[in-house]
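Everything on this sheet refers to the single structure shown next.
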Amino acid sequence: MKYKYIKDVVGLCLLAAFFSFVSCLDNDTPPIEKPPGTEEPDEPVKPDDDGDGIPEHNTLLGTLCGFEGDLRKGNIYKGEGKPTTYYNVPLFEAYPEGSEEGWWDNLVEEIAYSGLDYVTANCRGLQPSYPAKYVDQGDPTRLKDLVAAMERRGVADKFKIALFDDCPASWEAARNEDLGRGYAGYDASNPENRLPYPLKDIEVGTQEFQDSIYQYIWDYNLRLAFQNVPEKYLFKYNGRPVVFFWGCSFVGAEGSVRGKLVYIFDQVRADCMEEFGMDPLLIVDQDWAKRDPELSKATESLGGLNNWFNMDNPYTVRTFKDLTVGVGVPGFLVNDLQGNKMFLDADHGRLLEKALSFCIRSYSDLILLEGFTDVLENAAYWRSTDEVYYDYPNQRLNIIRKWSSNPYPEEFKVEAEACDYYEDKSAGNSSNQYRKGDLDVKVCNDEWGGWCVTDTEEGEWLEWVELPFSKGQSVIKIRYAANETAQIRFDIDGVEGQVVELPATGGNWNEVDAATVTFDNRGWRKVVLNVVSGNADLNYFTILSNI
C-alpha cells in the first residue's frame, strides 16, 4: 500500500504578534493595469514551441524568503492556541533540534531544485544596542549562513540573492525595540508607549534624522546585508543589485512625508555607491508613491514599482521606468481560527500557475513570489506535508521549475530523501533525520553533505510524482554507497526499466548509469526507484539530457 509521507498534518502555530511584519499583504493595492482574471494580456505573446502552454521567456523569477530564528528552529508554527491552521508546514524536520546548518542546507537545495533565478532575503534589521538587545526576526548578518550553505551544498552557481527591506519591522519595530517599547509598531490603545512613527516631524539631513530614522534603514539593516553577501552572489538586473522595499503606511497619512522618502532613497543609493561601489536598483511597493508624491516622478534612485497583491488581486503587474515587475502568491490563509479570516484558494496549484502565466504573458522583467518559507500565511513553496492545499510534497517547487526560464535543464539533481511517496519495510526512521515517518534517512558524508536514504531492503521504493525529461535521450546516474552488491530498477511513467547492479563500494560513494530513456517530446514524468535486492545508501540521482 502506498505510504503517504505523513498523515493528518494540521499544524497550528503563531501568526506574528506585530501587526503585519511577517505578512507581506498590501490591502491598499489599487486595481492593476490588466485584471488578473484575464489569462491573455493585451499584447501578443510568444507562442510555446512544445505544446505545454508555457511560452519561451526571459523573465527572471524569484521569491521572498524569510529566515527568522523561530522559523529556522521550527518553533514558529508549532504549539496550541494559534490563530491560524498551519497546513503549509515543511517536509523537512531539523534533527537534532537546533541544527541550523541543516535548515540552511535544505533551503538552498530546494531553491536550486525549483529553478528560481533569485531569492529575496527578508531583512528586518538589528538595533544600535545590539548585542545587548537582539531580536532574531530577519538578522541581515545571518545572510552569511545562506551563502555558506550555497557553497557547502554545491549550488553556489544555481541562484542569486536579492534583498528585501521589510520596512514595518526594520524601520519601526526595530526602532521601538531599541527605545524600550517592544518589538512592534504604533498602538493607539497604548499611546504613551507606542508612539506614531516620527518621520513627518523630523527634518531630513539632521543628526536627529540620522539617529531616529536613517540608522535603522541603512546602518543596521541594508548595510549589514551588503556586508554579508559577497558581490558575486548578489542578484543584479542590468548590472545593479536589486533591493525590494515593502509597504510604508506606518510613516504617516498619504502625502504627509512629501520629499522625505525621496531623500531616503537618494541617500541609500549614495551610501551603497560610496561604500560598495554598486548602484542599487531600488523597487518599492506602490504605497510609497501615495505617502510621498515626489516618488511618482522618474527619480534616479527609484528603479521600479510593484502593486503587490491582496485578496481581490492575487497577482499583479506594474511597469515603471521601463521595468515591469510581476507579483504573485500560491495561496493564502490566516486567522481561520480567531476571526478576520483571509483566504486565497491554492486550488491544487492552479492559482500559482495562473499567477506565473499572467506575469510572464504580460512581459514581466522580474517576478517576485510571496514567500518561499511563508508558513505563517500558508503561502510557502517548500516541500510540505500539507495534504489539503498540496497534492504532493514537491508540487509547488515543480510548478516554479515548469515556469522558469530553464524547465528542462541538461543536468537535474534529485535527492532520494526528498521523494514524494515511498514504501519502507521497517517501522520508524532509523536515524531520525530529515523527515518524519518510516523512511530511513541519515546525514550524508558525501562531498556535498545533505542526507541520504539508508537501510534499504528488497521491495522498498521511492516515488516522484513528476520529474522533467527533455526530448531525446536522457541518462539517469545514481549516487550510492554499499558494502555489498545491491540491485535497483527505475520505472518511468509505469514502464518497468531494467534491473541495474550496484557493485559494492566498501562504503565509499560511487556513481553508475542506472537507466537510459528516449522520449519524442519533453515532459514531466512519474519516476519510481525500486530496491530489487541488497542494502545500499542512496544519496541522489541526476537526469542528464542531450547525451
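In the C-alpha cells, the first chain shown is A, the next is B, and so on; residue numbers restart at 1 for each chain, and ligands run from 1 in the order shown.
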
Query raised in the report: What lies within 12 Å of Phe276 in chain A using only C-alpha atoms, ignoring chain neighbours under 4 positions off, as number ranges by chain?
Result: A: 222-231, 240-241, 268-272, 280

Requested in this report: Grab the CA of Cys248 in chain A to CA of Lys290 in chain A distance for me, in Å with one decimal place.
Outcome: 9.4 Å

Report task. List every residue of range 69-171 of chain A that DSSP, applied to the backbone of this structure, assigns to strand (DSSP E or B), and report them as a ChimeraX atom specification. Result -> /A:84-86,90,93,118-123,160-165

Create the file for the chosen residues now, containing all heavy atoms and written as a short mmCIF file (atom, residue, chain, number, x, y, z; two decimals), in the first residue's frame.
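Below is the file that was written, selection-v2.cif:
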data_model
loop_
_atom_site.label_atom_id
_atom_site.label_comp_id
_atom_site.auth_asym_id
_atom_site.auth_seq_id
_atom_site.Cartn_x
_atom_site.Cartn_y
_atom_site.Cartn_z
N THR A 84 -4.28 30.56 13.46
CA THR A 84 -4.36 30.03 12.10
C THR A 84 -4.06 28.54 12.10
O THR A 84 -3.24 28.06 12.89
CB THR A 84 -3.35 30.75 11.19
OG1 THR A 84 -3.63 32.14 11.19
CG2 THR A 84 -3.40 30.23 9.76
N THR A 85 -4.71 27.81 11.22
CA THR A 85 -4.35 26.41 10.98
C THR A 85 -3.19 26.38 10.00
O THR A 85 -3.32 26.85 8.86
CB THR A 85 -5.53 25.62 10.39
OG1 THR A 85 -6.65 25.74 11.26
CG2 THR A 85 -5.17 24.15 10.23
N TYR A 86 -2.06 25.84 10.44
CA TYR A 86 -0.87 25.85 9.59
C TYR A 86 -0.73 24.52 8.87
O TYR A 86 -0.12 23.58 9.36
CB TYR A 86 0.36 26.22 10.41
CG TYR A 86 0.26 27.64 10.90
CD1 TYR A 86 -0.05 27.91 12.22
CD2 TYR A 86 0.38 28.70 10.02
CE1 TYR A 86 -0.21 29.21 12.64
CE2 TYR A 86 0.22 30.01 10.44
CZ TYR A 86 -0.07 30.25 11.76
OH TYR A 86 -0.24 31.55 12.18
N PRO A 90 6.75 22.45 6.64
CA PRO A 90 7.73 21.84 5.74
C PRO A 90 7.85 20.33 5.92
O PRO A 90 7.64 19.80 7.02
CB PRO A 90 9.04 22.53 6.13
CG PRO A 90 8.85 22.90 7.57
CD PRO A 90 7.39 23.26 7.69
N GLU A 93 12.39 18.24 8.60
CA GLU A 93 12.42 18.39 10.05
C GLU A 93 13.87 18.53 10.48
O GLU A 93 14.71 17.72 10.12
CB GLU A 93 11.80 17.17 10.74
CG GLU A 93 10.29 17.12 10.64
CD GLU A 93 9.60 18.06 11.63
OE1 GLU A 93 10.25 18.48 12.60
OE2 GLU A 93 8.42 18.37 11.41
N TYR A 118 16.48 33.82 -8.36
CA TYR A 118 16.96 34.54 -7.18
C TYR A 118 16.00 34.33 -6.01
O TYR A 118 14.83 33.98 -6.18
CB TYR A 118 17.10 36.04 -7.47
CG TYR A 118 15.81 36.77 -7.74
CD1 TYR A 118 15.15 37.48 -6.73
CD2 TYR A 118 15.23 36.79 -9.01
CE1 TYR A 118 13.97 38.17 -6.98
CE2 TYR A 118 14.06 37.48 -9.26
CZ TYR A 118 13.43 38.16 -8.24
OH TYR A 118 12.26 38.84 -8.49
N VAL A 119 16.53 34.52 -4.80
CA VAL A 119 15.71 34.60 -3.60
C VAL A 119 15.92 35.99 -3.01
O VAL A 119 17.01 36.54 -3.07
CB VAL A 119 16.05 33.52 -2.56
CG1 VAL A 119 15.65 32.15 -3.05
CG2 VAL A 119 17.51 33.55 -2.18
N THR A 120 14.86 36.54 -2.46
CA THR A 120 14.91 37.88 -1.88
C THR A 120 14.87 37.73 -0.37
O THR A 120 13.84 37.39 0.21
CB THR A 120 13.73 38.72 -2.37
OG1 THR A 120 13.70 38.69 -3.80
CG2 THR A 120 13.86 40.15 -1.92
N ALA A 121 16.01 37.95 0.27
CA ALA A 121 16.15 37.72 1.70
C ALA A 121 15.39 38.78 2.49
O ALA A 121 15.63 39.98 2.33
CB ALA A 121 17.63 37.72 2.08
N ASN A 122 14.50 38.33 3.36
CA ASN A 122 13.60 39.22 4.10
C ASN A 122 14.32 39.79 5.32
O ASN A 122 14.28 39.22 6.41
CB ASN A 122 12.35 38.45 4.52
CG ASN A 122 11.26 39.36 5.02
OD1 ASN A 122 11.32 40.57 4.83
ND2 ASN A 122 10.26 38.79 5.68
N CYS A 123 14.95 40.94 5.15
CA CYS A 123 15.79 41.54 6.20
C CYS A 123 14.97 42.49 7.07
O CYS A 123 14.29 43.37 6.56
CB CYS A 123 16.96 42.29 5.56
SG CYS A 123 18.07 41.23 4.61
N LYS A 160 20.84 33.52 -7.24
CA LYS A 160 21.45 34.70 -6.64
C LYS A 160 20.59 35.21 -5.49
O LYS A 160 19.46 34.75 -5.28
CB LYS A 160 21.65 35.80 -7.68
CG LYS A 160 22.53 35.41 -8.86
CD LYS A 160 23.97 35.14 -8.45
CE LYS A 160 24.83 34.86 -9.66
NZ LYS A 160 26.24 34.56 -9.27
N ILE A 161 21.11 36.20 -4.76
CA ILE A 161 20.44 36.73 -3.58
C ILE A 161 20.11 38.20 -3.80
O ILE A 161 21.00 39.02 -4.03
CB ILE A 161 21.33 36.58 -2.34
CG1 ILE A 161 21.69 35.11 -2.10
CG2 ILE A 161 20.62 37.17 -1.10
CD1 ILE A 161 22.74 34.91 -1.02
N ALA A 162 18.82 38.54 -3.75
CA ALA A 162 18.37 39.93 -3.71
C ALA A 162 18.04 40.27 -2.26
O ALA A 162 18.00 39.38 -1.39
CB ALA A 162 17.15 40.12 -4.59
N LEU A 163 17.81 41.54 -1.99
CA LEU A 163 17.50 41.97 -0.63
C LEU A 163 16.07 42.51 -0.57
O LEU A 163 15.58 43.11 -1.53
CB LEU A 163 18.48 43.06 -0.18
CG LEU A 163 19.96 42.69 -0.23
CD1 LEU A 163 20.82 43.85 0.25
CD2 LEU A 163 20.25 41.43 0.59
N PHE A 164 15.44 42.29 0.57
CA PHE A 164 14.08 42.77 0.81
C PHE A 164 14.08 43.48 2.15
O PHE A 164 14.41 42.88 3.18
CB PHE A 164 13.10 41.60 0.82
CG PHE A 164 11.64 42.00 0.88
CD1 PHE A 164 10.89 42.11 -0.27
CD2 PHE A 164 11.02 42.23 2.09
CE1 PHE A 164 9.55 42.45 -0.23
CE2 PHE A 164 9.68 42.58 2.15
CZ PHE A 164 8.94 42.69 0.99
N ASP A 165 13.74 44.76 2.15
CA ASP A 165 13.64 45.53 3.38
C ASP A 165 12.19 45.48 3.86
O ASP A 165 11.31 46.10 3.28
CB ASP A 165 14.08 46.97 3.15
CG ASP A 165 14.20 47.78 4.44
OD1 ASP A 165 13.62 47.34 5.46
OD2 ASP A 165 14.85 48.83 4.43
#

Requested in this report: Would you mind writing down, as a ChimeraX atom specification, each residue of range 110-269 of chain A that DSSP on the backbone assigns to alpha helix (DSSP H)?
Outcome: /A:110-114,143-152,167,174-178,207-209,215-217,223-228,260-269

Keeping only N, CA and C atoms, take the residues you just selected and write them out as a short mmCIF file (atom, residue, chain, number, x, y, z; two decimals), in the first residue's frame.
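Full text of selection_19.cif as output:
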data_model
loop_
_atom_site.label_atom_id
_atom_site.label_comp_id
_atom_site.auth_asym_id
_atom_site.auth_seq_id
_atom_site.Cartn_x
_atom_site.Cartn_y
_atom_site.Cartn_z
N GLU A 110 16.46 23.05 -1.98
CA GLU A 110 15.12 23.19 -2.54
C GLU A 110 15.05 24.35 -3.54
N ILE A 111 15.71 25.45 -3.22
CA ILE A 111 15.71 26.59 -4.14
C ILE A 111 16.37 26.20 -5.45
N ALA A 112 17.51 25.51 -5.38
CA ALA A 112 18.20 25.08 -6.59
C ALA A 112 17.33 24.12 -7.40
N TYR A 113 16.65 23.21 -6.73
CA TYR A 113 15.76 22.26 -7.39
C TYR A 113 14.65 22.99 -8.15
N SER A 114 14.14 24.09 -7.57
CA SER A 114 12.99 24.80 -8.15
C SER A 114 13.31 25.57 -9.42
N LEU A 143 22.80 36.35 6.66
CA LEU A 143 22.92 36.02 5.24
C LEU A 143 24.24 35.33 4.92
N LYS A 144 25.22 35.51 5.79
CA LYS A 144 26.47 34.76 5.59
C LYS A 144 26.22 33.26 5.72
N ASP A 145 25.21 32.86 6.51
CA ASP A 145 24.86 31.45 6.64
C ASP A 145 24.22 30.92 5.37
N LEU A 146 23.44 31.77 4.71
CA LEU A 146 22.85 31.40 3.42
C LEU A 146 23.94 31.17 2.39
N VAL A 147 24.89 32.08 2.32
CA VAL A 147 25.99 31.95 1.37
C VAL A 147 26.81 30.70 1.67
N ALA A 148 27.10 30.45 2.95
CA ALA A 148 27.89 29.28 3.34
C ALA A 148 27.18 27.99 2.93
N ALA A 149 25.86 27.95 3.09
CA ALA A 149 25.11 26.76 2.70
C ALA A 149 25.13 26.55 1.19
N MET A 150 25.05 27.62 0.42
CA MET A 150 25.13 27.50 -1.04
C MET A 150 26.46 26.88 -1.44
N GLU A 151 27.52 27.28 -0.80
CA GLU A 151 28.84 26.71 -1.11
C GLU A 151 28.95 25.28 -0.61
N ARG A 152 28.44 25.02 0.58
CA ARG A 152 28.54 23.70 1.19
C ARG A 152 27.77 22.65 0.39
N CYS A 167 10.05 46.92 5.80
CA CYS A 167 10.12 48.24 6.44
C CYS A 167 9.31 48.37 7.74
N ALA A 174 12.06 47.63 14.86
CA ALA A 174 13.43 47.59 15.37
C ALA A 174 13.74 48.86 16.17
N ARG A 175 13.24 49.99 15.71
CA ARG A 175 13.43 51.25 16.44
C ARG A 175 12.73 51.22 17.79
N ASN A 176 11.48 50.75 17.81
CA ASN A 176 10.75 50.67 19.07
C ASN A 176 11.44 49.74 20.07
N GLU A 177 11.95 48.62 19.58
CA GLU A 177 12.69 47.71 20.44
C GLU A 177 13.90 48.40 21.04
N ASP A 178 14.60 49.16 20.22
CA ASP A 178 15.80 49.85 20.68
C ASP A 178 15.47 50.90 21.74
N GLN A 207 21.06 65.53 12.47
CA GLN A 207 21.52 64.44 13.33
C GLN A 207 20.35 63.67 13.91
N GLU A 208 19.27 64.40 14.20
CA GLU A 208 18.06 63.73 14.71
C GLU A 208 17.53 62.74 13.67
N PHE A 209 17.55 63.14 12.40
CA PHE A 209 17.11 62.24 11.33
C PHE A 209 18.00 60.99 11.28
N GLN A 215 19.57 55.48 10.58
CA GLN A 215 20.48 54.41 11.01
C GLN A 215 19.79 53.05 11.02
N TYR A 216 18.47 53.02 11.27
CA TYR A 216 17.75 51.74 11.27
C TYR A 216 17.55 51.22 9.84
N ILE A 217 17.51 52.12 8.88
CA ILE A 217 17.31 51.71 7.48
C ILE A 217 18.62 51.23 6.86
N ARG A 223 23.01 47.99 5.01
CA ARG A 223 24.48 47.97 5.00
C ARG A 223 25.01 46.62 5.49
N LEU A 224 24.42 46.09 6.56
CA LEU A 224 24.84 44.80 7.08
C LEU A 224 24.56 43.68 6.07
N ALA A 225 23.44 43.80 5.36
CA ALA A 225 23.13 42.79 4.35
C ALA A 225 24.17 42.78 3.24
N PHE A 226 24.52 43.96 2.72
CA PHE A 226 25.54 44.04 1.68
C PHE A 226 26.89 43.54 2.18
N GLN A 227 27.20 43.77 3.44
CA GLN A 227 28.47 43.31 4.00
C GLN A 227 28.54 41.79 4.10
N ASN A 228 27.40 41.13 4.20
CA ASN A 228 27.38 39.69 4.44
C ASN A 228 27.03 38.86 3.20
N LYS A 260 10.45 63.35 1.65
CA LYS A 260 11.29 62.68 2.64
C LYS A 260 11.65 61.25 2.23
N LEU A 261 10.73 60.55 1.61
CA LEU A 261 11.06 59.20 1.12
C LEU A 261 12.02 59.30 -0.07
N VAL A 262 11.83 60.30 -0.91
CA VAL A 262 12.80 60.54 -1.98
C VAL A 262 14.19 60.73 -1.40
N TYR A 263 14.28 61.55 -0.35
CA TYR A 263 15.57 61.79 0.30
C TYR A 263 16.17 60.48 0.82
N ILE A 264 15.36 59.64 1.45
CA ILE A 264 15.86 58.38 1.99
C ILE A 264 16.43 57.50 0.89
N PHE A 265 15.69 57.37 -0.21
CA PHE A 265 16.18 56.51 -1.30
C PHE A 265 17.41 57.10 -1.96
N ASP A 266 17.45 58.40 -2.11
CA ASP A 266 18.66 59.03 -2.64
C ASP A 266 19.86 58.73 -1.75
N GLN A 267 19.64 58.77 -0.44
CA GLN A 267 20.73 58.54 0.49
C GLN A 267 21.17 57.08 0.49
N VAL A 268 20.21 56.16 0.43
CA VAL A 268 20.56 54.73 0.35
C VAL A 268 21.39 54.47 -0.90
N ARG A 269 20.96 55.03 -2.00
CA ARG A 269 21.70 54.84 -3.25
C ARG A 269 23.11 55.40 -3.15
#

Requested in this report: Give me the residues within 9 Å of Val528 in chain A as a ChimeraX atom specification, counting only C-alpha atoms and dropping any in the same chain fewer than 3 places off.
Outcome: /A:422,461-465,489-494

Residues from last step as file, C-alpha atoms, as an mmCIF file, in the first residue's frame:
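Contents of the output file out15.cif:
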data_model
loop_
_atom_site.group_PDB
_atom_site.id
_atom_site.type_symbol
_atom_site.label_atom_id
_atom_site.label_comp_id
_atom_site.auth_asym_id
_atom_site.auth_seq_id
_atom_site.Cartn_x
_atom_site.Cartn_y
_atom_site.Cartn_z
ATOM 1 C CA TYR A 422 7.741 5.756 -0.505
ATOM 2 C CA TRP A 461 10.653 2.033 -3.362
ATOM 3 C CA LEU A 462 10.795 5.809 -3.702
ATOM 4 C CA GLU A 463 8.385 7.710 -5.956
ATOM 5 C CA TRP A 464 8.380 11.171 -7.537
ATOM 6 C CA VAL A 465 5.039 12.244 -8.988
ATOM 7 C CA ARG A 489 15.346 -0.503 -11.073
ATOM 8 C CA PHE A 490 13.897 2.752 -12.379
ATOM 9 C CA ASP A 491 10.305 2.699 -13.672
ATOM 10 C CA ILE A 492 9.186 5.772 -15.645
ATOM 11 C CA ASP A 493 5.548 6.532 -16.426
ATOM 12 C CA GLY A 494 4.619 2.987 -15.447
#

Query raised in the report: When distances are computed from only C-alpha atoms, which of A:Tyr363, A:Trp448, A:Tyr434, A:Phe541 shows the smallest separation from Val475 in chain A?
Result: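 Once distances to Val475 in chain A are computed over only C-alpha atoms, the minimum belongs to A:Phe541.
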
Query raised in the report: Restricting the calculation to only C-alpha atoms, which member of A:Asp420, A:Asp513, A:Glu466, A:Glu275 is positioned closest to Arg525 in chain A?
Result: A:Glu466

Query raised in the report: Which residues, written as a PyMOL selection string, have at least one atom at most 8 Å from Ala346 in chain A, with only C-alpha atoms counted and residues fewer than 5 positions away on the same chain left out?
Result: chain A and resi 330-332+351-352+389

Query raised in the report: Nearest to Leu60 in chain A: which of A:Tyr220, A:Tyr421, A:Phe309, A:Tyr237 is it, counting only C-alpha atoms?
Result: A:Tyr237

Query raised in the report: Could you pull the residues within 12 Å of Arg72 in chain A, counting only C-alpha atoms, minus those fewer than 2 positions along the same chain, as a VMD selection string?
Result: chain A and resid 65 to 70 74 to 77 90 92 to 95 97 to 107 136 to 138 142 145 to 146 373 to 375

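Using only C-alpha atoms, the smallest distance between any of A:Pro407, A:Gly81, A:Gly277, A:Gly154 and His57 in chain A comes from A:Pro407.
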